[in-house]
Amino acid sequence: MKYLIVSGDSFTDYNFRSTSYPDMDTSWPKWPELLAEKLGMECINLALCGKGNEYIYSTLQDQIVSMPNKDEIGLVIAAWSECHRRDYQRGGHYDNRNQSHDHWTNSNWHDEKIDSCGDLPYWAHRSLRYYSAFDILCERYNLPYIQFQMLDLYADFLQGSYSRGGKYPGNDIKDEKIVLKLILSYDKIINTTKFIGWPLVFKLGGWSLNVGALTGDGNQFDQEFYDFYTISKIDRHPNAAGQVKLAEYLYDWLETAA
Amino acid sequence: MKYLIVSGDSFTDSWFESIYYPDMDCSWPKWPEILAEKLGMELINLGRGGAGNKYIYTELLDTIMGIENKSEIGLIISAWTQSNREDYQVRGKWHRRKVHAHGDIVGWVNTSLRYYTGLQLLCERYNLPYYQFQMIDFYHTYINNFREKEDDGFYHKKYTGDIVQDKNLILNTLNAYDKIDVNTFIGWPITKELGGFAMSDLILGDRLEYPENRIADLDQHPNELGQQKLAEGIYAKINKLSGGNI
């Protein structure tokens, strides 16, 4: 049986827990496991809550490069997160066995919600470089792969959701223009046929998967649809039905692409 | 004429200036320029003083991906630096820190190793000729009481971790790291303890034994002679490894 290798953030984490509802049983199957079952593959899910794109790329590179027989890899999926998150490592001890449904036990990865170094255009550019590096990694070994933006790349940060007083710490219009231009400049660099929802953001005609799959058809926002597939209005993580929906969306996309 | 694309830190920077001797004229040819001439290639030198490994990798990635016709690339050389350095951009300009704001030396070593592997993957993906090496030490300076500039001069900062334990962790990490192509990484596994070397140590020699290759005791950067020797030494290494095919 071949491996489906996936990395991402809380939307993809096998052990997801709701911070809004800490007592909630959230042990429903997550999309990587559901998709692996549909594809007849064994799942290696590297995703962890709160992690950013450095973590996602790094865990995929570490995992893929360390597998001696690349023929065992059936599909690789990167479910990218918000660009302003920062990941870093401490210490050298981790258990990288990555058995099916296992996690990085004693993970030495840590994160900051907002990177204390740099600015939004840099964080967006850094993410785009990871997306390009992920292309290179998979093409180098001729591996089947797809990638997508699971959460919007920068919208929450631009809207000031994480800032004191709810304001973006800069010129939001100017900075967004820079970011949009950067994304478009990657049209020639990224293999867009493998990137679901490219060019990432609604303003450019792209979308992130949580919107594309959980709120309608990618262009039409349907509030009822969104409420049905997410935990609640204060926790917009996918619920059990939402995880099934994500897996079906991806399976259909893969079927169509094939 | 094909491109020689090089990235690195102050040892590689065409515009290197000594912070200890700000009035010194340091405009002597640096090893990438001398090497490009020897190889008959046009140089793209991305090396910058103070740069960390993120900068070195990122600039190579951006430059290589920006060249549409990859057959124009004759050779890529990455001259890696200390793992403790951090790079980031603000308004498109690179900024640097001597020491990362987060994490620890063992984590930074892992991060750097990922860049080394990332460069290898990039070059293999496009079938580009490349070599990489550790130009200066990887972690020793940081662990052995790091020297940092303060407003009132220079001082030695004491390492706050457990030196023996962390050094062992780093050596174990390097020893177990089997993802590097040793045919293209000159001096792998990087440190003397494991039988590897940093290029500047190998070619310029011990600073006390061979002071003629360095600016001064206070500034250990290569002087004109040192840069010449680096170019010759690197040329000899890549010539041997490539069987004269570069």
# chains A, B, ... in the order shown; residues from 1 in each chain; ligands from 1

$ closest_atom_pairs --of "chain A" --to "chain B" --cutoff "7 Å" --atoms "only C-alpha atoms" --output "Markdown table"
| residue | atom | partner | partner_atom | distance |
| --- | --- | --- | --- | --- |
| A:Val65 | CA | B:Lys179 | CA | 6.7 |
| A:Tyr88 | CA | B:Gly103 | CA | 5.8 |
| A:Gln89 | CA | B:Gly107 | CA | 4.5 |
| A:Arg90 | CA | B:Gly107 | CA | 4.8 |
| A:Gly91 | CA | B:Val106 | CA | 5.2 |
| A:Gly92 | CA | B:Val106 | CA | 5.8 |
| A:Cys117 | CA | B:Tyr88 | CA | 6.4 |
| A:Gly118 | CA | B:Val90 | CA | 4.9 |
| A:Asp119 | CA | B:Val90 | CA | 5.5 |
| A:Tyr122 | CA | B:Gln89 | CA | 5.6 |
| A:Ile136 | CA | B:Leu122 | CA | 6.1 |
| A:Leu137 | CA | B:Leu121 | CA | 6.2 |
| A:Glu139 | CA | B:Arg125 | CA | 6.7 |
| A:Arg140 | CA | B:Arg125 | CA | 4.5 |
| A:Ile189 | CA | B:Met65 | CA | 6.8 |

$ write_last_selection --atoms "C-alpha atoms" --output "short mmCIF file (atom, residue, chain, number, x, y, z; two decimals), in the first residue's frame"
data_model
loop_
_atom_site.label_atom_id
_atom_site.label_comp_id
_atom_site.auth_asym_id
_atom_site.auth_seq_id
_atom_site.Cartn_x
_atom_site.Cartn_y
_atom_site.Cartn_z
CA VAL A 65 13.93 12.91 1.66
CA TYR A 88 11.06 27.30 14.93
CA GLN A 89 12.73 24.32 16.56
CA ARG A 90 14.26 23.77 19.96
CA GLY A 91 16.39 20.83 20.88
CA GLY A 92 17.09 17.76 18.88
CA CYS A 117 10.61 39.67 12.34
CA GLY A 118 9.70 41.14 8.97
CA ASP A 119 6.51 42.49 7.46
CA TYR A 122 8.04 39.39 3.34
CA ILE A 136 10.83 21.44 -6.75
CA LEU A 137 10.93 18.75 -4.07
CA GLU A 139 9.31 17.23 -9.22
CA ARG A 140 12.84 16.22 -8.22
CA ILE A 189 7.33 29.78 -11.10
#

$ residues_around --residues "range 56-64 of chain A" --least-positions-apart "2" --cutoff "8 Å" --atoms "only C-alpha atoms" --output "list in words"
Ile5, Val6, Ser7, Gly8, Asp9, Leu46, Ala47, Lys51, Gly52, Asn53, Glu54, Ser66, Met67, Lys70, Ala78, Ala79, Trp80, Tyr130, Tyr131, Phe134 and Leu137 of chain A; Arg114 of chain B

$ closest_residue --among "B:Glu33, B:Ser112, B:Ile76, B:Tyr20" --to "Asn53 in chain B" --atoms "only C-alpha atoms"
B:Ser112

$ atom_distance --atom1 "CA of Ile203 in chain B" --atom2 "CA of Lys237 in chain B"
10.7 Å

$ select_by_dssp --residues "range 56-181 of chain B" --states "strand (DSSP E)" --output "MDAnalysis selection string"
chainID B and resid 73:80 86:90 93:97 130:134 146:150 153:157

$ residues_around --residues "Gln82 in chain B" --least-positions-apart "4" --cutoff "7 Å" --atoms "only C-alpha atoms" --output "MDAnalysis selection string"
chainID B and resid 52 136:139

$ select_by_dssp --residues "range 15-159 of chain B" --states "helix (DSSP H, G or I)" --output "ChimeraX atom specification"
/B:31-39,53-66,70-72,105-125,140-143

$ closest_residue --among "B:Thr81, B:Ser18, B:Ser7, B:Gln134" --to "Ala216 in chain B" --atoms "only C-alpha atoms"
B:Ser18

$ atom_distance --atom1 "CA of Glu112 in chain A" --atom2 "CA of Arg85 in chain A"
5.9 Å

$ closest_residue --among "B:Thr63, B:Ile143, B:Tyr21, B:Ile77" --to "Asp217 in chain B" --atoms "only C-alpha atoms"
B:Tyr21

$ atom_distance --atom1 "CA of Gln220 in chain B" --atom2 "CA of Glu17 in chain B"
12.3 Å

$ residues_around --residues "Leu204 in chain A" --least-positions-apart "3" --cutoff "12 Å" --atoms "only C-alpha atoms" --output "list in words"
Glu176, Lys177, Val179, Leu180, Lys181, Leu182, Ile183, Leu184, Asp187, Gly197, Trp198, Pro199, Leu200, Val201, Trp207, Ser208 and Asn219 of chain A

$ write_last_selection --atoms "C-alpha atoms" --output "PDB file, in the first residue's frame"
ATOM      1  CA  GLU A 176      -1.826  44.264  -0.146  1.00  0.00           C
ATOM      2  CA  LYS A 177      -0.955  45.594  -3.607  1.00  0.00           C
ATOM      3  CA  VAL A 179       1.430  40.992  -1.978  1.00  0.00           C
ATOM      4  CA  LEU A 180      -0.963  40.613  -4.912  1.00  0.00           C
ATOM      5  CA  LYS A 181       1.823  41.564  -7.315  1.00  0.00           C
ATOM      6  CA  LEU A 182       4.099  39.023  -5.658  1.00  0.00           C
ATOM      7  CA  ILE A 183       1.508  36.270  -6.028  1.00  0.00           C
ATOM      8  CA  LEU A 184       1.060  37.061  -9.703  1.00  0.00           C
ATOM      9  CA  ASP A 187       2.454  32.423 -11.974  1.00  0.00           C
ATOM     10  CA  GLY A 197      -7.322  27.546  -5.977  1.00  0.00           C
ATOM     11  CA  TRP A 198      -4.376  29.319  -7.551  1.00  0.00           C
ATOM     12  CA  PRO A 199      -3.791  32.311  -7.480  1.00  0.00           C
ATOM     13  CA  LEU A 200      -4.664  31.893  -3.813  1.00  0.00           C
ATOM     14  CA  VAL A 201      -6.816  34.925  -3.106  1.00  0.00           C
ATOM     15  CA  TRP A 207      -9.434  30.825  -3.264  1.00  0.00           C
ATOM     16  CA  SER A 208      -8.425  28.934  -0.185  1.00  0.00           C
ATOM     17  CA  ASN A 219     -17.150  31.942  -5.685  1.00  0.00           C
TER      18      ASN A 219
END

$ residues_around --residues "Arg48 in chain B" --least-positions-apart "5" --cutoff "10 Å" --atoms "only C-alpha atoms" --output "PyMOL selection string"
chain B and resi 7-16+55-56+94

$ residues_around --residues "Ile231 in chain A" --least-positions-apart "3" --cutoff "10 Å" --atoms "only C-alpha atoms" --output "ChimeraX atom specification"
/A:18,20-21,26,226-228,234-242

$ decode --residues "range 127-168 of chain A" --atoms "N, CA and C atoms" --output "short mmCIF file (atom, residue, chain, number, x, y, z; two decimals), in the first residue's frame"
data_model
loop_
_atom_site.label_atom_id
_atom_site.label_comp_id
_atom_site.auth_asym_id
_atom_site.auth_seq_id
_atom_site.Cartn_x
_atom_site.Cartn_y
_atom_site.Cartn_z
N SER A 127 6.29 32.53 2.08
CA SER A 127 5.36 31.40 1.83
C SER A 127 5.42 30.99 0.37
N LEU A 128 5.42 31.96 -0.53
CA LEU A 128 5.47 31.63 -1.96
C LEU A 128 6.74 30.86 -2.29
N ARG A 129 7.82 31.21 -1.62
CA ARG A 129 9.08 30.47 -1.83
C ARG A 129 8.94 29.03 -1.36
N TYR A 130 8.23 28.82 -0.25
CA TYR A 130 7.99 27.43 0.21
C TYR A 130 7.16 26.67 -0.81
N TYR A 131 6.16 27.33 -1.39
CA TYR A 131 5.30 26.65 -2.36
C TYR A 131 6.13 26.22 -3.57
N SER A 132 7.02 27.13 -3.98
CA SER A 132 7.90 26.83 -5.11
C SER A 132 8.87 25.70 -4.75
N ALA A 133 9.41 25.76 -3.53
CA ALA A 133 10.34 24.71 -3.09
C ALA A 133 9.63 23.36 -3.00
N PHE A 134 8.36 23.38 -2.63
CA PHE A 134 7.58 22.13 -2.57
C PHE A 134 7.41 21.54 -3.97
N ASP A 135 7.12 22.40 -4.94
CA ASP A 135 7.08 21.96 -6.35
C ASP A 135 8.39 21.26 -6.71
N ILE A 136 9.50 21.94 -6.39
CA ILE A 136 10.83 21.44 -6.75
C ILE A 136 11.09 20.08 -6.10
N LEU A 137 10.75 19.99 -4.82
CA LEU A 137 10.93 18.75 -4.07
C LEU A 137 10.20 17.58 -4.74
N CYS A 138 8.93 17.79 -5.07
CA CYS A 138 8.13 16.70 -5.65
C CYS A 138 8.56 16.40 -7.08
N GLU A 139 8.88 17.45 -7.83
CA GLU A 139 9.31 17.23 -9.22
C GLU A 139 10.67 16.52 -9.25
N ARG A 140 11.51 16.85 -8.28
CA ARG A 140 12.84 16.22 -8.22
C ARG A 140 12.72 14.69 -8.16
N TYR A 141 11.73 14.22 -7.38
CA TYR A 141 11.56 12.77 -7.21
C TYR A 141 10.41 12.22 -8.05
N ASN A 142 9.86 13.10 -8.89
CA ASN A 142 8.76 12.68 -9.77
C ASN A 142 7.59 12.11 -8.95
N LEU A 143 7.21 12.83 -7.91
CA LEU A 143 6.14 12.36 -7.02
C LEU A 143 4.81 13.01 -7.38
N PRO A 144 3.72 12.25 -7.35
CA PRO A 144 2.40 12.87 -7.52
C PRO A 144 2.13 13.80 -6.33
N TYR A 145 1.66 15.00 -6.61
CA TYR A 145 1.43 15.95 -5.51
C TYR A 145 0.38 16.98 -5.88
N ILE A 146 -0.21 17.55 -4.84
CA ILE A 146 -1.03 18.75 -5.01
C ILE A 146 -0.77 19.66 -3.82
N GLN A 147 -1.08 20.92 -4.01
CA GLN A 147 -0.98 21.85 -2.89
C GLN A 147 -2.14 22.84 -2.99
N PHE A 148 -2.45 23.41 -1.86
CA PHE A 148 -3.50 24.44 -1.83
C PHE A 148 -3.35 25.25 -0.55
N GLN A 149 -3.97 26.43 -0.61
CA GLN A 149 -4.04 27.29 0.55
C GLN A 149 -5.24 26.81 1.36
N MET A 150 -5.02 26.22 2.53
CA MET A 150 -6.17 25.76 3.33
C MET A 150 -6.87 26.97 3.95
N LEU A 151 -6.07 27.85 4.54
CA LEU A 151 -6.61 29.09 5.11
C LEU A 151 -6.13 30.26 4.26
N ASP A 152 -6.86 31.36 4.30
CA ASP A 152 -6.43 32.53 3.53
C ASP A 152 -5.01 32.93 3.93
N LEU A 153 -4.21 33.29 2.94
CA LEU A 153 -2.80 33.58 3.15
C LEU A 153 -2.56 34.72 4.14
N TYR A 154 -3.36 35.78 4.05
CA TYR A 154 -3.04 36.96 4.86
C TYR A 154 -4.25 37.77 5.34
N ALA A 155 -5.47 37.40 4.92
CA ALA A 155 -6.65 38.25 5.16
C ALA A 155 -6.84 38.60 6.63
N ASP A 156 -6.73 37.62 7.51
CA ASP A 156 -6.95 37.87 8.94
C ASP A 156 -5.97 38.90 9.49
N PHE A 157 -4.72 38.78 9.05
CA PHE A 157 -3.72 39.71 9.54
C PHE A 157 -3.97 41.11 8.98
N LEU A 158 -4.32 41.19 7.71
CA LEU A 158 -4.56 42.48 7.07
C LEU A 158 -5.76 43.18 7.70
N GLN A 159 -6.74 42.39 8.11
CA GLN A 159 -7.92 42.98 8.74
C GLN A 159 -7.66 43.38 10.19
N GLY A 160 -6.46 43.15 10.65
CA GLY A 160 -6.10 43.56 12.01
C GLY A 160 -6.56 42.62 13.09
N SER A 161 -6.95 41.40 12.71
CA SER A 161 -7.49 40.45 13.69
C SER A 161 -6.52 40.14 14.81
N TYR A 162 -5.22 40.24 14.52
CA TYR A 162 -4.24 39.87 15.53
C TYR A 162 -3.56 41.08 16.17
N SER A 163 -3.93 42.28 15.74
CA SER A 163 -3.21 43.46 16.21
C SER A 163 -3.94 44.12 17.37
N ARG A 164 -3.18 44.86 18.15
CA ARG A 164 -3.80 45.62 19.24
C ARG A 164 -4.73 46.66 18.64
N GLY A 165 -5.95 46.74 19.14
CA GLY A 165 -6.90 47.73 18.64
C GLY A 165 -7.50 47.32 17.31
N GLY A 166 -7.19 46.11 16.85
CA GLY A 166 -7.79 45.60 15.61
C GLY A 166 -7.38 46.33 14.36
N LYS A 167 -6.21 46.97 14.38
CA LYS A 167 -5.77 47.70 13.19
C LYS A 167 -4.51 47.09 12.62
N TYR A 168 -4.43 47.11 11.30
CA TYR A 168 -3.23 46.60 10.62
C TYR A 168 -2.07 47.57 10.88
#
